[in-house]
Amino acid sequence: MENSKIRFAVVGCCNMANRHSDGIAAIDGAELVCVCDIDEAKAKKRSEERGVPYYLDYYEMLKAGGFEAVIICTPDQIHREQAVAALEAGYHVLCEKPLALTMEDCRAIVEASHKSKGIFMVGQVCRMTPGFVKAKELVDAGEIGDIFFIESEYAHDYSHINSPWRLDPVKLRHGITGGGCHAVDLIRWIAGDPTEVSAYSNHMVLDNWPVDDCTIAIMKFPSGALGKVFCSIGCKRNYTMRTVIYGTKGTIICDNRSPEIQLFQPKVNAEGRPYWEPDLYPVELKDHNAEEEVKLFYNAIVNGLSSPVPAEEGANTVAVCDACVRASASGKAEKPEYV
Ligand SMILES: NC(=O)c1ccc[n+]([C@@H]2O[C@H](COP(=O)([O-])OP(=O)(O)OC[C@H]3O[C@@H](n4cnc5c(N)ncnc54)[C@H](O)[C@@H]3O)[C@@H](O)[C@H]2O)c1
């Protein structure tokens, strides 16, 4: 099916949707055919920019059809209903992260993805960030030996963000799940699934937010390795996802905002003295690599491959985030409820 044309609909006319639309435009065999948003001004603007019709009603769009795949870029709280509806209608679906905000919603999407013939992919875009891809390649090649500790962070100042769904006081969007899921997913992708999580959180910066703005979680893995995630959505610094992977033979330092990653391995100078100088691997700076994400999704559709990031992966990342939230509330270690 190599030259098949895949037609896309994008729902949510926001910034991420724009990146996904760029991703579609970069693929010869892909075409954006319509957009959808409940906000008419946004839908109209995007429709004019992209030269495609718009819908205000998602279900009307699904019914009208004329496309094979849907990309969901709407608030996390409605991912479940929109993803399940698109899967039940037989479409391929790429849904933004986090998969959903509760395990109940995640399970419903996983179940619908099993019943559907369509491909379901969750947008855990750190798996496409060049620096993290290179780091995983080095880990998988054995360059740092066995991981004994991995830490990642999601430090991103949200004080300028005022979207009502992020501040919903009922359907809470915890920082560790909303944005912190990037760091949690990265850790899971590289080191596997932690069995237990302990966490503390506080709320000292974003006074008007209904959730804690800082969480530190530590976790243990079946191998004996340890992990740590620091998530702050109120920090006063530039956005970073600095990640350090400590192995028995070496250490990797990487980030979503650095043009290179560092690999430390023991070195000995001419006099036989140990010294530390990292090998540097230049990487492209693409920290929201939706282009690659859409390309992987498209390739899976046209070549009949399995999903590059299936619903289970998104759900299990949320399971760890959920354990972090429960652990910081209970003061006890909690186990993720994996699907
Ligand atoms: N991958 C990343 O790094 C990344 C970055 C930012 C956001 N996100 C995710 O992308 C999604 C969108 O986030 P955002 O920051 O662009 O949000 P946003 O609030 O800027 O945009 C969401 C859009 O969805 C529209 N919308 C709301 N309900 C709708 C409905 N029922 N039908 C159609 N449209 C509807 C809104 O009008 C709005 O235009 C979220 O899931 C978020 O977590 C991912």
# chains A, B, ... in the order shown; residues from 1 in each chain; ligands from 1
>>> closest_atom_pairs(of="chain A", to="ligand 1", cutoff="7 Å", atoms="only C-alpha atoms and all ligand atoms", output="tab-separated table")
residue	atom	partner	partner_atom_place_in_ligand_line	distance
A:Val11	CA	ligand 1	33 (C)	5.5
A:Gly12	CA	ligand 1	24 (O)	3.7
A:Cys13	CA	ligand 1	39 (O)	4.7
A:Cys14	CA	ligand 1	21 (O)	4.4
A:Asn15	CA	ligand 1	16 (O)	5.0
A:Met16	CA	ligand 1	16 (O)	5.0
A:Ala17	CA	ligand 1	16 (O)	6.7
A:Cys36	CA	ligand 1	33 (C)	5.6
A:Asp37	CA	ligand 1	34 (N)	3.6
A:Ile38	CA	ligand 1	34 (N)	4.6
A:Asp39	CA	ligand 1	37 (O)	4.7
A:Lys42	CA	ligand 1	39 (O)	6.3
A:Leu56	CA	ligand 1	33 (C)	6.8
A:Asp57	CA	ligand 1	32 (N)	6.5
A:Tyr58	CA	ligand 1	32 (N)	5.6
A:Cys73	CA	ligand 1	11 (C)	4.3
A:Thr74	CA	ligand 1	24 (O)	3.9
A:Pro75	CA	ligand 1	40 (C)	4.6
A:Asp76	CA	ligand 1	41 (O)	4.3
A:Ile78	CA	ligand 1	31 (N)	6.9
A:Glu96	CA	ligand 1	41 (O)	5.0
A:Lys97	CA	ligand 1	41 (O)	5.4
A:Pro98	CA	ligand 1	43 (O)	5.9
A:Gly123	CA	ligand 1	1 (N)	6.2
A:Gln124	CA	ligand 1	1 (N)	6.5
A:Val125	CA	ligand 1	1 (N)	5.5
A:Ser163	CA	ligand 1	19 (O)	5.5
A:Gly178	CA	ligand 1	43 (O)	5.8
A:Gly179	CA	ligand 1	43 (O)	7.0
A:His288	CA	ligand 1	3 (O)	5.6
>>> residues_around(residues="Ser306 in chain A", least_positions_apart="3", cutoff="12 Å", atoms="only C-alpha atoms", output="number ranges by chain")
A: 92, 113-114, 117-121, 296-303, 309-311
>>> write_last_selection(atoms="C-alpha atoms", output="short mmCIF file (atom, residue, chain, number, x, y, z; two decimals), in the first residue's frame")
data_model
loop_
_atom_site.label_atom_id
_atom_site.label_comp_id
_atom_site.auth_asym_id
_atom_site.auth_seq_id
_atom_site.Cartn_x
_atom_site.Cartn_y
_atom_site.Cartn_z
CA HIS A 92 -7.29 5.35 12.72
CA SER A 113 -8.51 0.17 20.53
CA HIS A 114 -8.59 -3.64 20.89
CA LYS A 117 -9.41 -2.44 13.19
CA GLY A 118 -7.97 1.07 13.16
CA ILE A 119 -4.51 1.92 14.47
CA PHE A 120 -4.47 3.85 17.73
CA MET A 121 -1.38 5.86 18.64
CA LEU A 296 5.31 7.05 12.20
CA PHE A 297 1.51 7.01 12.45
CA TYR A 298 1.14 7.32 8.68
CA ASN A 299 3.73 4.59 8.01
CA ALA A 300 1.93 2.24 10.39
CA ILE A 301 -1.36 2.86 8.55
CA VAL A 302 -0.08 2.41 5.00
CA ASN A 303 2.17 -0.53 5.79
CA VAL A 309 2.90 3.87 20.67
CA PRO A 310 -0.24 1.85 21.45
CA ALA A 311 -2.96 2.81 23.91
#
>>> closest_residue(among="A:Pro169, A:Gly247, A:Gly304, A:Gly331", to="Ala217 in chain A", atoms="only C-alpha atoms")
A:Gly331
>>> select_by_dssp(residues="range 103-338 of chain A", states="strand (DSSP E or B)", output="VMD selection string")
chain A and resid 120 to 123 147 to 155 196 to 202 214 to 220 226 to 232 240 243 to 247 251 to 254 260 to 264 267 to 268 274 to 275 279 to 282 334
>>> write_last_selection(atoms="C-alpha atoms", output="PDB file, in the first residue's frame")
ATOM      1  CA  PHE A 120      -4.469   3.846  17.727  1.00  0.00           C
ATOM      2  CA  MET A 121      -1.384   5.858  18.644  1.00  0.00           C
ATOM      3  CA  VAL A 122      -0.873   8.070  21.683  1.00  0.00           C
ATOM      4  CA  GLY A 123       1.286  11.177  21.202  1.00  0.00           C
ATOM      5  CA  ILE A 147      20.855   1.197  34.523  1.00  0.00           C
ATOM      6  CA  PHE A 148      20.941   1.596  38.310  1.00  0.00           C
ATOM      7  CA  PHE A 149      19.335   5.066  38.450  1.00  0.00           C
ATOM      8  CA  ILE A 150      17.415   7.214  36.003  1.00  0.00           C
ATOM      9  CA  GLU A 151      16.080  10.697  36.633  1.00  0.00           C
ATOM     10  CA  SER A 152      14.022  12.945  34.438  1.00  0.00           C
ATOM     11  CA  GLU A 153      12.288  16.236  34.980  1.00  0.00           C
ATOM     12  CA  TYR A 154       9.499  18.289  33.536  1.00  0.00           C
ATOM     13  CA  ALA A 155      10.156  21.849  34.608  1.00  0.00           C
ATOM     14  CA  GLU A 196       6.294   1.020  43.300  1.00  0.00           C
ATOM     15  CA  VAL A 197       6.288   4.802  43.699  1.00  0.00           C
ATOM     16  CA  SER A 198       6.745   7.187  46.646  1.00  0.00           C
ATOM     17  CA  ALA A 199       6.090  10.882  46.195  1.00  0.00           C
ATOM     18  CA  TYR A 200       5.776  14.287  47.839  1.00  0.00           C
ATOM     19  CA  SER A 201       4.194  17.345  46.367  1.00  0.00           C
ATOM     20  CA  ASN A 202       3.601  20.978  47.318  1.00  0.00           C
ATOM     21  CA  CYS A 214       5.548  20.615  42.340  1.00  0.00           C
ATOM     22  CA  THR A 215       5.934  16.841  42.685  1.00  0.00           C
ATOM     23  CA  ILE A 216       8.980  14.706  43.364  1.00  0.00           C
ATOM     24  CA  ALA A 217       8.513  10.994  42.909  1.00  0.00           C
ATOM     25  CA  ILE A 218      10.959   8.173  43.470  1.00  0.00           C
ATOM     26  CA  MET A 219      10.364   4.726  42.114  1.00  0.00           C
ATOM     27  CA  LYS A 220      11.847   1.258  41.995  1.00  0.00           C
ATOM     28  CA  LEU A 226      15.768   3.359  41.018  1.00  0.00           C
ATOM     29  CA  GLY A 227      14.093   6.288  39.312  1.00  0.00           C
ATOM     30  CA  LYS A 228      13.178   9.862  40.112  1.00  0.00           C
ATOM     31  CA  VAL A 229      10.866  12.374  38.477  1.00  0.00           C
ATOM     32  CA  PHE A 230      10.789  16.069  39.337  1.00  0.00           C
ATOM     33  CA  CYS A 231       7.791  17.907  37.944  1.00  0.00           C
ATOM     34  CA  SER A 232       7.215  21.612  38.448  1.00  0.00           C
ATOM     35  CA  THR A 240      13.614  21.744  30.424  1.00  0.00           C
ATOM     36  CA  THR A 243      17.396  13.589  32.030  1.00  0.00           C
ATOM     37  CA  VAL A 244      20.340  11.636  33.449  1.00  0.00           C
ATOM     38  CA  ILE A 245      20.735   7.887  33.012  1.00  0.00           C
ATOM     39  CA  TYR A 246      23.284   6.269  35.311  1.00  0.00           C
ATOM     40  CA  GLY A 247      24.574   2.825  34.276  1.00  0.00           C
ATOM     41  CA  THR A 251      26.291   7.873  32.260  1.00  0.00           C
ATOM     42  CA  ILE A 252      24.196   9.797  29.747  1.00  0.00           C
ATOM     43  CA  ILE A 253      23.042  13.376  30.196  1.00  0.00           C
ATOM     44  CA  CYS A 254      20.401  14.571  27.763  1.00  0.00           C
ATOM     45  CA  GLU A 260      24.001  17.525  21.959  1.00  0.00           C
ATOM     46  CA  ILE A 261      23.872  14.703  24.457  1.00  0.00           C
ATOM     47  CA  GLN A 262      26.767  13.661  26.675  1.00  0.00           C
ATOM     48  CA  LEU A 263      28.040  10.134  27.199  1.00  0.00           C
ATOM     49  CA  PHE A 264      30.459   9.653  30.092  1.00  0.00           C
ATOM     50  CA  LYS A 267      38.838   7.291  30.476  1.00  0.00           C
ATOM     51  CA  VAL A 268      42.501   7.062  31.434  1.00  0.00           C
ATOM     52  CA  PRO A 274      41.383   8.493  35.350  1.00  0.00           C
ATOM     53  CA  TYR A 275      39.599  11.569  33.986  1.00  0.00           C
ATOM     54  CA  ASP A 279      31.749  12.082  24.250  1.00  0.00           C
ATOM     55  CA  LEU A 280      29.351  14.527  22.634  1.00  0.00           C
ATOM     56  CA  TYR A 281      26.654  13.445  20.189  1.00  0.00           C
ATOM     57  CA  PRO A 282      25.073  16.333  18.255  1.00  0.00           C
ATOM     58  CA  GLU A 334       1.820   3.043  45.972  1.00  0.00           C
TER      59      GLU A 334
END
>>> closest_atom_pairs(of="range 126-179 of chain A", to="range 312-320 of chain A", cutoff="12 Å", atoms="only C-alpha atoms", output="tab-separated table")
residue	atom	partner	partner_atom	distance
A:Arg127	CA	A:Glu313	CA	11.4
A:Arg173	CA	A:Val318	CA	11.5
A:His174	CA	A:Val318	CA	10.8
A:Gly175	CA	A:Val318	CA	11.8
A:Ile176	CA	A:Val318	CA	9.2
A:Thr177	CA	A:Val318	CA	6.4
A:Gly178	CA	A:Val318	CA	9.2
A:Gly179	CA	A:Val318	CA	11.0
>>> write_last_selection(atoms="N, CA and C atoms", output="short mmCIF file (atom, residue, chain, number, x, y, z; two decimals), in the first residue's frame")
data_model
loop_
_atom_site.label_atom_id
_atom_site.label_comp_id
_atom_site.auth_asym_id
_atom_site.auth_seq_id
_atom_site.Cartn_x
_atom_site.Cartn_y
_atom_site.Cartn_z
N ARG A 127 9.31 10.27 22.77
CA ARG A 127 9.88 9.10 22.10
C ARG A 127 10.36 9.45 20.69
N ARG A 173 -6.50 18.12 36.61
CA ARG A 173 -5.37 17.77 35.76
C ARG A 173 -4.11 17.99 36.61
N HIS A 174 -3.66 16.93 37.26
CA HIS A 174 -2.46 17.05 38.10
C HIS A 174 -1.25 17.34 37.21
N GLY A 175 -0.35 18.16 37.73
CA GLY A 175 0.84 18.53 36.94
C GLY A 175 1.62 17.31 36.49
N ILE A 176 1.74 16.33 37.39
CA ILE A 176 2.55 15.13 37.07
C ILE A 176 1.90 14.32 35.94
N THR A 177 0.58 14.43 35.79
CA THR A 177 -0.10 13.68 34.71
C THR A 177 -0.15 14.52 33.42
N GLY A 178 -0.52 15.81 33.57
CA GLY A 178 -0.69 16.66 32.40
C GLY A 178 0.60 16.82 31.60
N GLY A 179 1.60 17.43 32.21
CA GLY A 179 2.88 17.64 31.53
C GLY A 179 3.93 16.65 32.00
#
>>> residues_around(residues="Gly90 in chain A", least_positions_apart="2", cutoff="12 Å", atoms="only C-alpha atoms", output="list in words")
Leu62, Lys63, Gly65, Phe67, Glu68, Ala69, Val70, Ala83, Val84, Ala85, Ala86, Leu87, Glu88, His92, Val93, Ala112, Ser113, His114, Lys115, Ser116, Lys117, Gly118, Ile119 and Phe120 of chain A
>>> decode(residues="range 163-308 of chain A", atoms="C-alpha atoms", output="mmCIF file, in the first residue's frame")
data_model
loop_
_atom_site.group_PDB
_atom_site.id
_atom_site.type_symbol
_atom_site.label_atom_id
_atom_site.label_comp_id
_atom_site.auth_asym_id
_atom_site.auth_seq_id
_atom_site.Cartn_x
_atom_site.Cartn_y
_atom_site.Cartn_z
ATOM 1 C CA SER A 163 -6.919 27.379 29.802
ATOM 2 C CA PRO A 164 -10.068 26.513 31.802
ATOM 3 C CA TRP A 165 -9.687 22.758 31.342
ATOM 4 C CA ARG A 166 -6.179 22.816 32.830
ATOM 5 C CA LEU A 167 -7.587 24.612 35.870
ATOM 6 C CA ASP A 168 -10.764 22.503 36.140
ATOM 7 C CA PRO A 169 -11.436 22.143 39.889
ATOM 8 C CA VAL A 170 -13.483 18.954 39.416
ATOM 9 C CA LYS A 171 -11.829 16.941 36.663
ATOM 10 C CA LEU A 172 -8.374 17.641 38.012
ATOM 11 C CA ARG A 173 -5.368 17.771 35.761
ATOM 12 C CA HIS A 174 -2.464 17.051 38.101
ATOM 13 C CA GLY A 175 0.837 18.529 36.940
ATOM 14 C CA ILE A 176 2.547 15.132 37.067
ATOM 15 C CA THR A 177 -0.098 13.684 34.710
ATOM 16 C CA GLY A 178 -0.689 16.664 32.396
ATOM 17 C CA GLY A 179 2.876 17.644 31.527
ATOM 18 C CA GLY A 180 4.860 15.407 33.898
ATOM 19 C CA CYS A 181 3.668 12.396 31.892
ATOM 20 C CA HIS A 182 6.418 13.303 29.400
ATOM 21 C CA ALA A 183 9.145 12.631 32.002
ATOM 22 C CA VAL A 184 7.350 9.554 33.360
ATOM 23 C CA ASP A 185 6.905 8.159 29.855
ATOM 24 C CA LEU A 186 10.545 8.784 29.012
ATOM 25 C CA ILE A 187 11.632 6.865 32.113
ATOM 26 C CA ARG A 188 9.291 3.970 31.290
ATOM 27 C CA TRP A 189 10.426 3.901 27.664
ATOM 28 C CA ILE A 190 14.079 3.669 28.634
ATOM 29 C CA ALA A 191 14.036 1.736 31.943
ATOM 30 C CA GLY A 192 10.728 -0.177 31.934
ATOM 31 C CA ASP A 193 7.808 -0.202 34.343
ATOM 32 C CA PRO A 194 8.406 0.748 37.978
ATOM 33 C CA THR A 195 6.724 -1.522 40.523
ATOM 34 C CA GLU A 196 6.294 1.020 43.300
ATOM 35 C CA VAL A 197 6.288 4.802 43.699
ATOM 36 C CA SER A 198 6.745 7.187 46.646
ATOM 37 C CA ALA A 199 6.090 10.882 46.195
ATOM 38 C CA TYR A 200 5.776 14.287 47.839
ATOM 39 C CA SER A 201 4.194 17.345 46.367
ATOM 40 C CA ASN A 202 3.601 20.978 47.318
ATOM 41 C CA HIS A 203 1.727 24.024 46.115
ATOM 42 C CA MET A 204 3.789 27.180 46.622
ATOM 43 C CA VAL A 205 3.740 29.045 43.299
ATOM 44 C CA LEU A 206 0.518 28.836 41.266
ATOM 45 C CA ASP A 207 -2.003 30.132 43.835
ATOM 46 C CA ASN A 208 -4.950 30.067 41.418
ATOM 47 C CA TRP A 209 -4.423 26.426 40.356
ATOM 48 C CA PRO A 210 -6.508 23.637 41.925
ATOM 49 C CA VAL A 211 -3.605 21.164 42.002
ATOM 50 C CA ASP A 212 -0.127 20.995 43.525
ATOM 51 C CA ASP A 213 2.483 22.603 41.297
ATOM 52 C CA CYS A 214 5.548 20.615 42.340
ATOM 53 C CA THR A 215 5.934 16.841 42.685
ATOM 54 C CA ILE A 216 8.980 14.706 43.364
ATOM 55 C CA ALA A 217 8.513 10.994 42.909
ATOM 56 C CA ILE A 218 10.959 8.173 43.470
ATOM 57 C CA MET A 219 10.364 4.726 42.114
ATOM 58 C CA LYS A 220 11.847 1.258 41.995
ATOM 59 C CA PHE A 221 12.102 -1.130 39.085
ATOM 60 C CA PRO A 222 12.057 -4.960 38.990
ATOM 61 C CA SER A 223 15.799 -4.957 38.133
ATOM 62 C CA GLY A 224 16.580 -3.143 41.394
ATOM 63 C CA ALA A 225 17.156 0.135 39.548
ATOM 64 C CA LEU A 226 15.768 3.359 41.018
ATOM 65 C CA GLY A 227 14.093 6.288 39.312
ATOM 66 C CA LYS A 228 13.178 9.862 40.112
ATOM 67 C CA VAL A 229 10.866 12.374 38.477
ATOM 68 C CA PHE A 230 10.789 16.069 39.337
ATOM 69 C CA CYS A 231 7.791 17.907 37.944
ATOM 70 C CA SER A 232 7.215 21.612 38.448
ATOM 71 C CA ILE A 233 4.627 23.627 36.574
ATOM 72 C CA GLY A 234 5.384 26.825 38.497
ATOM 73 C CA CYS A 235 9.194 26.969 38.342
ATOM 74 C CA LYS A 236 10.884 30.223 37.388
ATOM 75 C CA ARG A 237 13.217 29.031 34.662
ATOM 76 C CA ASN A 238 13.199 28.043 31.000
ATOM 77 C CA TYR A 239 11.452 24.818 30.014
ATOM 78 C CA THR A 240 13.614 21.744 30.424
ATOM 79 C CA MET A 241 13.365 17.971 30.519
ATOM 80 C CA ARG A 242 16.913 17.317 31.693
ATOM 81 C CA THR A 243 17.396 13.589 32.030
ATOM 82 C CA VAL A 244 20.340 11.636 33.449
ATOM 83 C CA ILE A 245 20.735 7.887 33.012
ATOM 84 C CA TYR A 246 23.284 6.269 35.311
ATOM 85 C CA GLY A 247 24.574 2.825 34.276
ATOM 86 C CA THR A 248 27.182 0.460 35.674
ATOM 87 C CA LYS A 249 29.585 1.380 32.838
ATOM 88 C CA GLY A 250 28.666 4.932 31.931
ATOM 89 C CA THR A 251 26.291 7.873 32.260
ATOM 90 C CA ILE A 252 24.196 9.797 29.747
ATOM 91 C CA ILE A 253 23.042 13.376 30.196
ATOM 92 C CA CYS A 254 20.401 14.571 27.763
ATOM 93 C CA ASP A 255 17.695 17.204 27.462
ATOM 94 C CA ASN A 256 14.939 18.244 25.107
ATOM 95 C CA ARG A 257 16.613 21.647 24.675
ATOM 96 C CA SER A 258 20.301 20.753 24.156
ATOM 97 C CA PRO A 259 21.899 20.444 20.720
ATOM 98 C CA GLU A 260 24.001 17.525 21.959
ATOM 99 C CA ILE A 261 23.872 14.703 24.457
ATOM 100 C CA GLN A 262 26.767 13.661 26.675
ATOM 101 C CA LEU A 263 28.040 10.134 27.199
ATOM 102 C CA PHE A 264 30.459 9.653 30.092
ATOM 103 C CA GLN A 265 32.587 6.525 30.164
ATOM 104 C CA PRO A 266 35.723 6.024 32.271
ATOM 105 C CA LYS A 267 38.838 7.291 30.476
ATOM 106 C CA VAL A 268 42.501 7.062 31.434
ATOM 107 C CA ASN A 269 45.137 9.625 30.354
ATOM 108 C CA ALA A 270 48.676 8.956 29.130
ATOM 109 C CA GLU A 271 49.935 8.933 32.733
ATOM 110 C CA GLY A 272 47.365 6.282 33.644
ATOM 111 C CA ARG A 273 45.178 8.724 35.639
ATOM 112 C CA PRO A 274 41.383 8.493 35.350
ATOM 113 C CA TYR A 275 39.599 11.569 33.986
ATOM 114 C CA TRP A 276 36.083 12.425 32.910
ATOM 115 C CA GLU A 277 35.405 13.966 29.541
ATOM 116 C CA PRO A 278 32.102 13.255 27.829
ATOM 117 C CA ASP A 279 31.749 12.082 24.250
ATOM 118 C CA LEU A 280 29.351 14.527 22.634
ATOM 119 C CA TYR A 281 26.654 13.445 20.189
ATOM 120 C CA PRO A 282 25.073 16.333 18.255
ATOM 121 C CA VAL A 283 21.305 16.008 17.939
ATOM 122 C CA GLU A 284 18.620 18.007 16.153
ATOM 123 C CA LEU A 285 16.644 20.404 18.333
ATOM 124 C CA LYS A 286 13.044 19.206 17.904
ATOM 125 C CA ASP A 287 11.397 19.044 21.302
ATOM 126 C CA HIS A 288 7.821 18.762 19.977
ATOM 127 C CA ASN A 289 8.573 16.508 17.059
ATOM 128 C CA ALA A 290 4.985 16.101 15.870
ATOM 129 C CA GLU A 291 6.311 15.782 12.321
ATOM 130 C CA GLU A 292 8.056 12.500 13.132
ATOM 131 C CA GLU A 293 5.073 11.395 15.213
ATOM 132 C CA VAL A 294 2.667 11.841 12.297
ATOM 133 C CA LYS A 295 5.146 10.154 9.949
ATOM 134 C CA LEU A 296 5.310 7.054 12.195
ATOM 135 C CA PHE A 297 1.505 7.013 12.448
ATOM 136 C CA TYR A 298 1.140 7.318 8.678
ATOM 137 C CA ASN A 299 3.732 4.586 8.012
ATOM 138 C CA ALA A 300 1.932 2.237 10.390
ATOM 139 C CA ILE A 301 -1.360 2.860 8.547
ATOM 140 C CA VAL A 302 -0.075 2.413 5.003
ATOM 141 C CA ASN A 303 2.168 -0.535 5.793
ATOM 142 C CA GLY A 304 -0.233 -2.324 8.150
ATOM 143 C CA LEU A 305 2.232 -2.128 11.040
ATOM 144 C CA SER A 306 1.362 -2.206 14.711
ATOM 145 C CA SER A 307 0.959 1.101 16.493
ATOM 146 C CA PRO A 308 4.283 2.876 17.220
#
